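For reference, the structure is listed below as structure tokens.
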Amino acid sequence: MSVLVWIETNDGAAKPTSWEALGAGKIIADGYGVPLTAVVFGKNAAAVAQQAIQNGAASAIAADDATLEPYRLEPYAALLTKLVQEHAPKAVIAVSTSAGRELLAASAADTDSGLLADATEISVTDGKVTVVRPVYAGKLVSDAVSSGAGTVFVTVRGRAFKPLGENAGATGEVKTVAPALAEADIKTKIESFEAETGTVNLTDAAIIVSAGRGIANNPKEPPAGTDKPDVWKAQDGFATMIQPLADVLGGAVGASRAAVDAGYIPYAHQVGQTGKTVAPDLYIAAAISGAIQHQAGMRSSKVIVAINKDPEAPIFKMARYGLVGDIYKIIPALTDELKKRLGK
Amino acid sequence: MQIVTFTRSTPDTAAALTVGADGKVSWGGAGTVVNPWDEYALEEAIVQAKNIGGKATVVAIGSEMHNEALKTSLAMGIDEAVRVEDPTLDPNDGLAYGVAAAAAVQKIGDTALVIFGKEAVDVGTDWHTAVTARKLGWPLITAVSKIISLDTAAGTIKVERALEGGKQVVTSSLPAVISVSKEINEPRYPSFIGIRKASKAVIPTWSLADIGATLPGKTTETTAIRGLPVRNEQVEMIEGEPAEQAAKLVEKLFAEKVL
């Protein structure tokens with residue numbers, strides 16, 4: 001009996017949010033009075049497994065094989081399912097990244113187990129795991145409970161649980177296991193990967209600066225003959241005003257659906273119902289009116305700052321600080337002030 | 001050859017939702033729409049079925065309310081629609097949904113590709129997508145932003161995936177299950193003729209016995225749904241000239257310890 005926590009890695013290094021999964025896993029492990037075991041697959045697995053022990057796991061299981069790097073669902077799910085069948089854990093936990101979501105769902109399917117997805121709170125009562133999780137695109141929340149029998153799989157929202165903290169002196173057993181599938185049995189092959197460099201991942205970001213459709217009200221004039229002046233103005237605004245503010249803050253750039261649909265910025269930046277759900281410490285909404293679909297994606301932010309020329313914009317109802325005015329005047333002033341104060 | 005896709009009716013995205021004393025979710029007078037993520041799956045199913053010279057079939061699992069989404073799908077240009085309903089089948093249970101979905105795909109037969117939208121907004125998960133793939137024993141490729149090639153003769157598919165850190169190109173054998181992201185296409189609007197045709201369509205329903213599915217025991221349960229905790233914010237307006245506003249705001253943010 002144990003609680004297994006999958007530590008997601010990338011090119012031999014743990015994703016920092018994986019330590020949050022150990023924090024979430026500990027709540028369940030303590031609830032059942034069972035040890036917390038980290039599971040690490042891929043390049044450098046044994047070393048990452050040691051790191052997981054220093055970050056709160058009692059022991060770890062590691063599998064390092066060419067078929068396991070980079071991450072692919074089939075070999076990972078086959079091995080995780082095998083471990084679940086061998087260890088009969090009370091729970092399996094991972095952060096709700098695209099890999100974590102599909103891996104736990106697949107292994108839950110293989111073992112006919114339950115899955116509680118995207119938990120923001122976890123407790124164990126009467127031998128059952130209860131979670132709070134968003135439903136209806138973040139407009140409502142639900143309580144969902146496991147049956148208490150067998151294994152329950154739980155994915156946790158990034159930034160919803162605290163890591164356990166690092167103890168460099170912690171020791172524990174690292175058990176090495178072999179992969180469950182040979183390359184010949186794996187139907188999916190990765191042909192190439194093109195990394196997007198220099199951008200901060202929205203869902204991991206502690207600070208997000210987002211802009212809406214009003215970003216097109218750029219006072220700068222596009223070069224003569226520009227096909228879509230509003231697109232030029234908006235893209236220039238993101239590049240020369242929003243990005244510099246995000247850079248000073250070490251944050252990521254977000255956008256409203258209206259800005260994405262207008263072609264002002266790629267979809268990867270969209271926050272809201274059909275985009276990303278984020279929960280940063282600071283969310284700055286520039287020229288975003290705050291439609292209900294956008295709110296669904298950012299309302300869990302700790303501090304919201306709204307900057308909008310319309311004092312009646314709904315975003316002010318959920319903001320802690322409101323600034324009425326032109327983003328093209330306020331944001332550069334804000335960036336300058338922060339540069340001074342942060343010594344950049 | 002079939003391309004099979006799944007959809008469901010979900011509350012209008014702009015509607016405010018309330019939870020009644022009975023724990024049921026309602027959305028006032030607002031209607032339902034096709035689950036927003038499914039629009040991309042439906043569009044892709046129509047396009048890919050045409051490419052391979054096959055048929056696109058859409059399946060909904062659950063009560064009659066999902067006929068709305070099925071009719072919209074037909075109006076967009078999906079060839080066939082079917083609904084799976086059974087008193088013992090809770091479509092909000094991802095495990096049960098996936099088991100039934102896999103059985104429905106088997107019954108439809110001759111399927112090259114199953115296409116799901118990214119997730120179902122009502123239950124807020126894509127759990128059922130992975131269950132469907134695993135129960136079929138077919139590979140699952142999520143977050144597909146482009147189908148580069150779909151070759152039913154060679155039995156292969158090549159796709160681009162939009163992942164958190166970048167773009168990945170993956171090949172797989174067919175049949176396969178994919179889920180698609182918003183970047184994959186621009187969903188078409190139903191045509192006037194399509195809407196007229198779809199309004200007359202009679203949608204067959206299949207029971208679990210019809211598709212030969214046996215459900216596993218219930219493993220999770222939703223015990224309560226409620227509104228979000230109120231954001232107890234009294235907005236503090238920061239006045240002045242831009243430079244003044246900026247200086248005051250930065251002061252506040254330092255005090256909040258978010259910088």
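The way I read the labels, and the way they are meant: chains A, B, ... in the order of the structure tokens, residue 1 as the first residue of every chain, and ligand 1 as the first ligand shown, with later ones counted on from there.
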Shell around B:Lys50 at 12 Å using only C-alpha atoms, local window under 2 positions removed, as a short mmCIF file (atom, residue, chain, number, x, y, z; two decimals) with N, CA, C and O atoms, in the first residue's frame:
data_model
loop_
_atom_site.label_atom_id
_atom_site.label_comp_id
_atom_site.auth_asym_id
_atom_site.auth_seq_id
_atom_site.Cartn_x
_atom_site.Cartn_y
_atom_site.Cartn_z
N MET B 1 -15.05 3.47 -45.17
CA MET B 1 -14.24 3.88 -44.01
C MET B 1 -14.93 5.01 -43.25
O MET B 1 -15.50 5.90 -43.84
N GLN B 2 -14.85 4.94 -41.95
CA GLN B 2 -15.56 5.88 -41.09
C GLN B 2 -14.59 6.78 -40.32
O GLN B 2 -13.54 6.31 -39.88
N ILE B 3 -15.00 8.03 -40.17
CA ILE B 3 -14.40 8.90 -39.16
C ILE B 3 -15.50 9.06 -38.12
O ILE B 3 -16.61 9.49 -38.45
N GLU B 43 -15.75 19.70 -37.38
CA GLU B 43 -15.21 20.25 -38.63
C GLU B 43 -14.15 19.31 -39.20
O GLU B 43 -14.16 19.00 -40.40
N GLU B 44 -13.25 18.85 -38.33
CA GLU B 44 -12.16 18.00 -38.81
C GLU B 44 -12.70 16.66 -39.31
O GLU B 44 -12.20 16.11 -40.30
N ALA B 45 -13.73 16.14 -38.65
CA ALA B 45 -14.32 14.87 -39.09
C ALA B 45 -14.93 15.02 -40.48
O ALA B 45 -14.78 14.14 -41.33
N ILE B 46 -15.60 16.15 -40.72
CA ILE B 46 -16.21 16.39 -42.03
C ILE B 46 -15.12 16.45 -43.11
O ILE B 46 -15.21 15.81 -44.16
N VAL B 47 -14.07 17.23 -42.81
CA VAL B 47 -12.98 17.42 -43.77
C VAL B 47 -12.25 16.10 -44.04
O VAL B 47 -12.01 15.73 -45.20
N GLN B 48 -11.93 15.37 -42.99
CA GLN B 48 -11.14 14.14 -43.17
C GLN B 48 -11.95 13.02 -43.82
O GLN B 48 -11.42 12.24 -44.59
N ILE B 52 -10.78 11.07 -47.31
CA ILE B 52 -10.56 9.64 -47.49
C ILE B 52 -11.71 8.99 -48.28
O ILE B 52 -11.73 7.77 -48.46
N GLY B 53 -12.66 9.79 -48.69
CA GLY B 53 -13.81 9.25 -49.41
C GLY B 53 -14.67 8.36 -48.54
O GLY B 53 -15.24 7.37 -49.00
N GLY B 54 -14.75 8.72 -47.27
CA GLY B 54 -15.52 7.90 -46.32
C GLY B 54 -16.67 8.68 -45.73
O GLY B 54 -17.11 9.69 -46.28
N LYS B 55 -17.17 8.21 -44.61
CA LYS B 55 -18.33 8.81 -43.97
C LYS B 55 -17.94 9.33 -42.58
O LYS B 55 -17.10 8.73 -41.91
N ALA B 56 -18.59 10.43 -42.19
CA ALA B 56 -18.38 10.95 -40.84
C ALA B 56 -19.62 10.66 -40.00
O ALA B 56 -20.74 10.99 -40.40
N GLY B 77 -22.78 19.18 -41.61
CA GLY B 77 -22.36 18.32 -42.72
C GLY B 77 -21.90 16.93 -42.33
O GLY B 77 -21.38 16.19 -43.16
N ILE B 78 -22.07 16.56 -41.06
CA ILE B 78 -21.77 15.19 -40.63
C ILE B 78 -22.82 14.27 -41.29
O ILE B 78 -23.99 14.64 -41.39
N ASP B 79 -22.39 13.07 -41.73
CA ASP B 79 -23.30 12.20 -42.48
C ASP B 79 -24.34 11.49 -41.62
O ASP B 79 -25.50 11.40 -42.00
N LEU B 150 -3.35 11.72 -43.57
CA LEU B 150 -4.17 10.60 -43.11
C LEU B 150 -4.25 9.64 -44.29
O LEU B 150 -4.91 9.94 -45.28
#
Would you give me, as a VMD selection string, the residues of chain A that come within 7 Å of chain B, using only C-alpha atoms?
chain A and resid 102 105 to 106 109 to 110 112 to 114 117 134 to 137 139 to 147 187 to 196 201 267 281 to 282 292 to 293 316 to 323 329 to 330 333 to 334 337 to 338
Residue selection dump (C-alpha atoms) as a PDB file, in the first residue's frame:
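Final output, saved to selection_26.pdb:
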ATOM      1  CA  GLU A 102      -3.696  11.646 -20.500  1.00  0.00           C
ATOM      2  CA  ALA A 105      -6.650   8.760 -17.540  1.00  0.00           C
ATOM      3  CA  ALA A 106      -5.172   5.944 -19.641  1.00  0.00           C
ATOM      4  CA  ALA A 109      -8.946   3.075 -17.874  1.00  0.00           C
ATOM      5  CA  ASP A 110      -6.593   0.091 -18.012  1.00  0.00           C
ATOM      6  CA  ASP A 112     -11.051   0.239 -14.410  1.00  0.00           C
ATOM      7  CA  SER A 113     -10.247   2.769 -11.699  1.00  0.00           C
ATOM      8  CA  GLY A 114     -11.762   6.131 -10.908  1.00  0.00           C
ATOM      9  CA  ALA A 117      -9.359  15.401 -12.573  1.00  0.00           C
ATOM     10  CA  PRO A 134     -13.966  22.967 -11.437  1.00  0.00           C
ATOM     11  CA  VAL A 135     -16.860  22.036 -13.733  1.00  0.00           C
ATOM     12  CA  TYR A 136     -18.792  23.896 -16.422  1.00  0.00           C
ATOM     13  CA  ALA A 137     -15.633  25.546 -17.756  1.00  0.00           C
ATOM     14  CA  LYS A 139     -18.080  28.621 -13.789  1.00  0.00           C
ATOM     15  CA  LEU A 140     -18.996  26.167 -11.008  1.00  0.00           C
ATOM     16  CA  VAL A 141     -17.108  23.861  -8.672  1.00  0.00           C
ATOM     17  CA  SER A 142     -17.995  20.360  -7.555  1.00  0.00           C
ATOM     18  CA  ASP A 143     -17.120  17.964  -4.778  1.00  0.00           C
ATOM     19  CA  ALA A 144     -16.214  14.567  -6.156  1.00  0.00           C
ATOM     20  CA  VAL A 145     -15.443  11.504  -4.097  1.00  0.00           C
ATOM     21  CA  SER A 146     -13.747   8.170  -4.757  1.00  0.00           C
ATOM     22  CA  SER A 147     -15.402   4.873  -3.843  1.00  0.00           C
ATOM     23  CA  LYS A 187       2.492   2.474 -32.414  1.00  0.00           C
ATOM     24  CA  THR A 188       3.320   6.172 -32.065  1.00  0.00           C
ATOM     25  CA  LYS A 189       6.678   7.599 -33.160  1.00  0.00           C
ATOM     26  CA  ILE A 190       7.895  11.127 -32.526  1.00  0.00           C
ATOM     27  CA  GLU A 191       9.265  12.616 -35.741  1.00  0.00           C
ATOM     28  CA  SER A 192      10.351  16.021 -34.508  1.00  0.00           C
ATOM     29  CA  PHE A 193       9.929  18.597 -31.799  1.00  0.00           C
ATOM     30  CA  GLU A 194      10.231  22.304 -32.262  1.00  0.00           C
ATOM     31  CA  ALA A 195      10.546  24.068 -28.930  1.00  0.00           C
ATOM     32  CA  GLU A 196       9.124  27.524 -28.434  1.00  0.00           C
ATOM     33  CA  ASN A 201       4.471  28.877 -19.772  1.00  0.00           C
ATOM     34  CA  TYR A 267      -3.995  30.952 -29.531  1.00  0.00           C
ATOM     35  CA  ASP A 281      -0.204  35.621  -7.892  1.00  0.00           C
ATOM     36  CA  LEU A 282      -0.697  38.716 -10.031  1.00  0.00           C
ATOM     37  CA  ILE A 292     -17.770  35.654 -18.207  1.00  0.00           C
ATOM     38  CA  GLN A 293     -15.743  33.284 -20.421  1.00  0.00           C
ATOM     39  CA  PHE A 316     -13.412  46.072 -12.282  1.00  0.00           C
ATOM     40  CA  LYS A 317     -15.909  44.043 -10.240  1.00  0.00           C
ATOM     41  CA  MET A 318     -13.357  41.288  -9.714  1.00  0.00           C
ATOM     42  CA  ALA A 319     -10.198  43.381  -9.531  1.00  0.00           C
ATOM     43  CA  ARG A 320      -8.445  44.462  -6.365  1.00  0.00           C
ATOM     44  CA  TYR A 321      -6.952  47.506  -8.092  1.00  0.00           C
ATOM     45  CA  GLY A 322      -8.541  49.413 -10.921  1.00  0.00           C
ATOM     46  CA  LEU A 323      -6.965  52.012 -13.174  1.00  0.00           C
ATOM     47  CA  LYS A 329      -0.136  55.652 -21.444  1.00  0.00           C
ATOM     48  CA  ILE A 330      -0.433  53.631 -18.221  1.00  0.00           C
ATOM     49  CA  ALA A 333       4.586  54.303 -17.135  1.00  0.00           C
ATOM     50  CA  LEU A 334       4.140  51.114 -15.118  1.00  0.00           C
ATOM     51  CA  GLU A 337       8.312  52.584 -12.580  1.00  0.00           C
ATOM     52  CA  LEU A 338       8.943  48.840 -12.115  1.00  0.00           C
TER      53      LEU A 338
END
Would you mind listing what lies within 9 Å of stretch 214-216 of chain A as a list in words, with only C-alpha atoms counted and same-chain residues fewer than 6 positions away left out?
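Counting only C-alpha atoms, the residues come to Pro229, Asp230, Val231, Trp232, Lys233, Ala234, Gln235, Asp236, Gly237, Phe238, Ala259, Tyr264, Ala286, Ala287, Ile288, Asn308, Ile327 and Tyr328 of chain A.
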Exercise: A:Leu116 partners within 7 Å, only C-alpha atoms, chain neighbours under 3 positions left out, as a VMD selection string:
chain A and resid 119 153 to 155
Strand (DSSP E or B) positions in stretch 143-254 of chain A, given as number ranges by chain:
A: 143-146, 152-156, 174-176, 189-195, 207-211, 252-254
Residue selection dump (C-alpha atoms) as a short mmCIF file (atom, residue, chain, number, x, y, z; two decimals), in the first residue's frame:
data_model
loop_
_atom_site.label_atom_id
_atom_site.label_comp_id
_atom_site.auth_asym_id
_atom_site.auth_seq_id
_atom_site.Cartn_x
_atom_site.Cartn_y
_atom_site.Cartn_z
CA ASP A 143 -17.12 17.96 -4.78
CA ALA A 144 -16.21 14.57 -6.16
CA VAL A 145 -15.44 11.50 -4.10
CA SER A 146 -13.75 8.17 -4.76
CA VAL A 152 -8.09 6.35 -7.37
CA PHE A 153 -6.22 8.50 -9.87
CA VAL A 154 -6.06 12.22 -9.11
CA THR A 155 -4.69 15.03 -11.29
CA VAL A 156 -4.07 18.33 -9.57
CA VAL A 174 15.12 3.94 -5.34
CA LYS A 175 13.91 0.80 -7.07
CA THR A 176 14.77 0.42 -10.73
CA LYS A 189 6.68 7.60 -33.16
CA ILE A 190 7.90 11.13 -32.53
CA GLU A 191 9.26 12.62 -35.74
CA SER A 192 10.35 16.02 -34.51
CA PHE A 193 9.93 18.60 -31.80
CA GLU A 194 10.23 22.30 -32.26
CA ALA A 195 10.55 24.07 -28.93
CA ILE A 207 2.64 36.81 -12.97
CA ILE A 208 0.59 37.26 -16.14
CA VAL A 209 0.05 40.41 -18.18
CA SER A 210 -2.93 39.99 -20.52
CA ALA A 211 -4.38 42.26 -23.13
CA ALA A 252 4.00 35.53 -19.14
CA VAL A 253 1.82 37.23 -21.76
CA GLY A 254 -1.87 36.33 -21.93
#
Separation of atom CA of A:Met241 from atom CA of A:Gly212 in Å
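These two atoms are separated by 13.1 Å.
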My list of candidates is A:Thr277, A:Thr37, A:Asn10, A:Thr171. Which is closest to A:Ser96 when distances are computed with only C-alpha atoms?
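Among the listed residues, A:Thr277 lies closest to A:Ser96.
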Residues near A:Ile186, anyone? I mean within 9 Å using only C-alpha atoms, not counting same-chain ones fewer than 4 positions away, as a tab-separated table (two decimals) with N, CA, C and O atoms, in the first residue's frame.
chain	number	residue	atom	x	y	z
A	67	THR	N	13.15	3.93	-24.81
A	67	THR	CA	11.73	4.02	-25.21
A	67	THR	C	10.97	5.03	-24.36
A	67	THR	O	9.84	5.38	-24.68
A	74	GLU	N	1.97	5.75	-24.81
A	74	GLU	CA	1.86	4.27	-24.80
A	74	GLU	C	2.86	3.59	-23.85
A	74	GLU	O	2.43	2.81	-22.99
A	75	PRO	N	4.16	3.83	-23.99
A	75	PRO	CA	5.09	3.14	-23.08
A	75	PRO	C	4.92	3.58	-21.62
A	75	PRO	O	5.08	2.77	-20.71
A	181	LEU	N	6.91	-2.03	-22.42
A	181	LEU	CA	6.74	-2.21	-23.87
A	181	LEU	C	8.09	-2.09	-24.58
A	181	LEU	O	8.92	-1.25	-24.22
A	182	ALA	N	8.29	-2.91	-25.62
A	182	ALA	CA	9.46	-2.76	-26.48
A	182	ALA	C	9.11	-1.78	-27.59
A	182	ALA	O	7.93	-1.60	-27.91
B	139	PRO	N	-4.03	3.59	-30.33
B	139	PRO	CA	-3.20	4.68	-29.80
B	139	PRO	C	-4.02	5.96	-29.65
B	139	PRO	O	-4.95	6.21	-30.42
B	172	SER	N	1.54	7.64	-36.37
B	172	SER	CA	0.96	6.49	-35.70
B	172	SER	C	0.30	5.59	-36.74
B	172	SER	O	-0.03	6.04	-37.84
Quick one: everything within 12 Å of A:Gly169, counting only C-alpha atoms, minus sequence neighbours fewer than 4 positions away in the same chain. Send it as JSON, numbers by chain.
{"A": [50, 51, 53, 54, 55, 56]}
Okay, now the selection with N, CA and C atoms, as an mmCIF file, in the first residue's frame?
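This is the output file selection.cif:
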data_model
loop_
_atom_site.group_PDB
_atom_site.id
_atom_site.type_symbol
_atom_site.label_atom_id
_atom_site.label_comp_id
_atom_site.auth_asym_id
_atom_site.auth_seq_id
_atom_site.Cartn_x
_atom_site.Cartn_y
_atom_site.Cartn_z
ATOM 1 N N GLN A 50 16.060 10.465 -6.819
ATOM 2 C CA GLN A 50 16.732 10.929 -5.590
ATOM 3 C C GLN A 50 16.241 12.323 -5.216
ATOM 4 N N GLN A 51 16.120 13.167 -6.228
ATOM 5 C CA GLN A 51 15.617 14.535 -6.007
ATOM 6 C C GLN A 51 14.207 14.503 -5.424
ATOM 7 N N ILE A 53 12.956 12.225 -3.580
ATOM 8 C CA ILE A 53 13.059 11.841 -2.161
ATOM 9 C C ILE A 53 13.456 13.053 -1.327
ATOM 10 N N GLN A 54 14.347 13.875 -1.871
ATOM 11 C CA GLN A 54 14.721 15.111 -1.153
ATOM 12 C C GLN A 54 13.562 16.095 -1.102
ATOM 13 N N ASN A 55 12.593 15.906 -1.992
ATOM 14 C CA ASN A 55 11.420 16.794 -2.009
ATOM 15 C C ASN A 55 10.193 16.163 -1.372
ATOM 16 N N GLY A 56 10.408 15.114 -0.584
ATOM 17 C CA GLY A 56 9.320 14.631 0.263
ATOM 18 C C GLY A 56 8.826 13.219 0.035
#
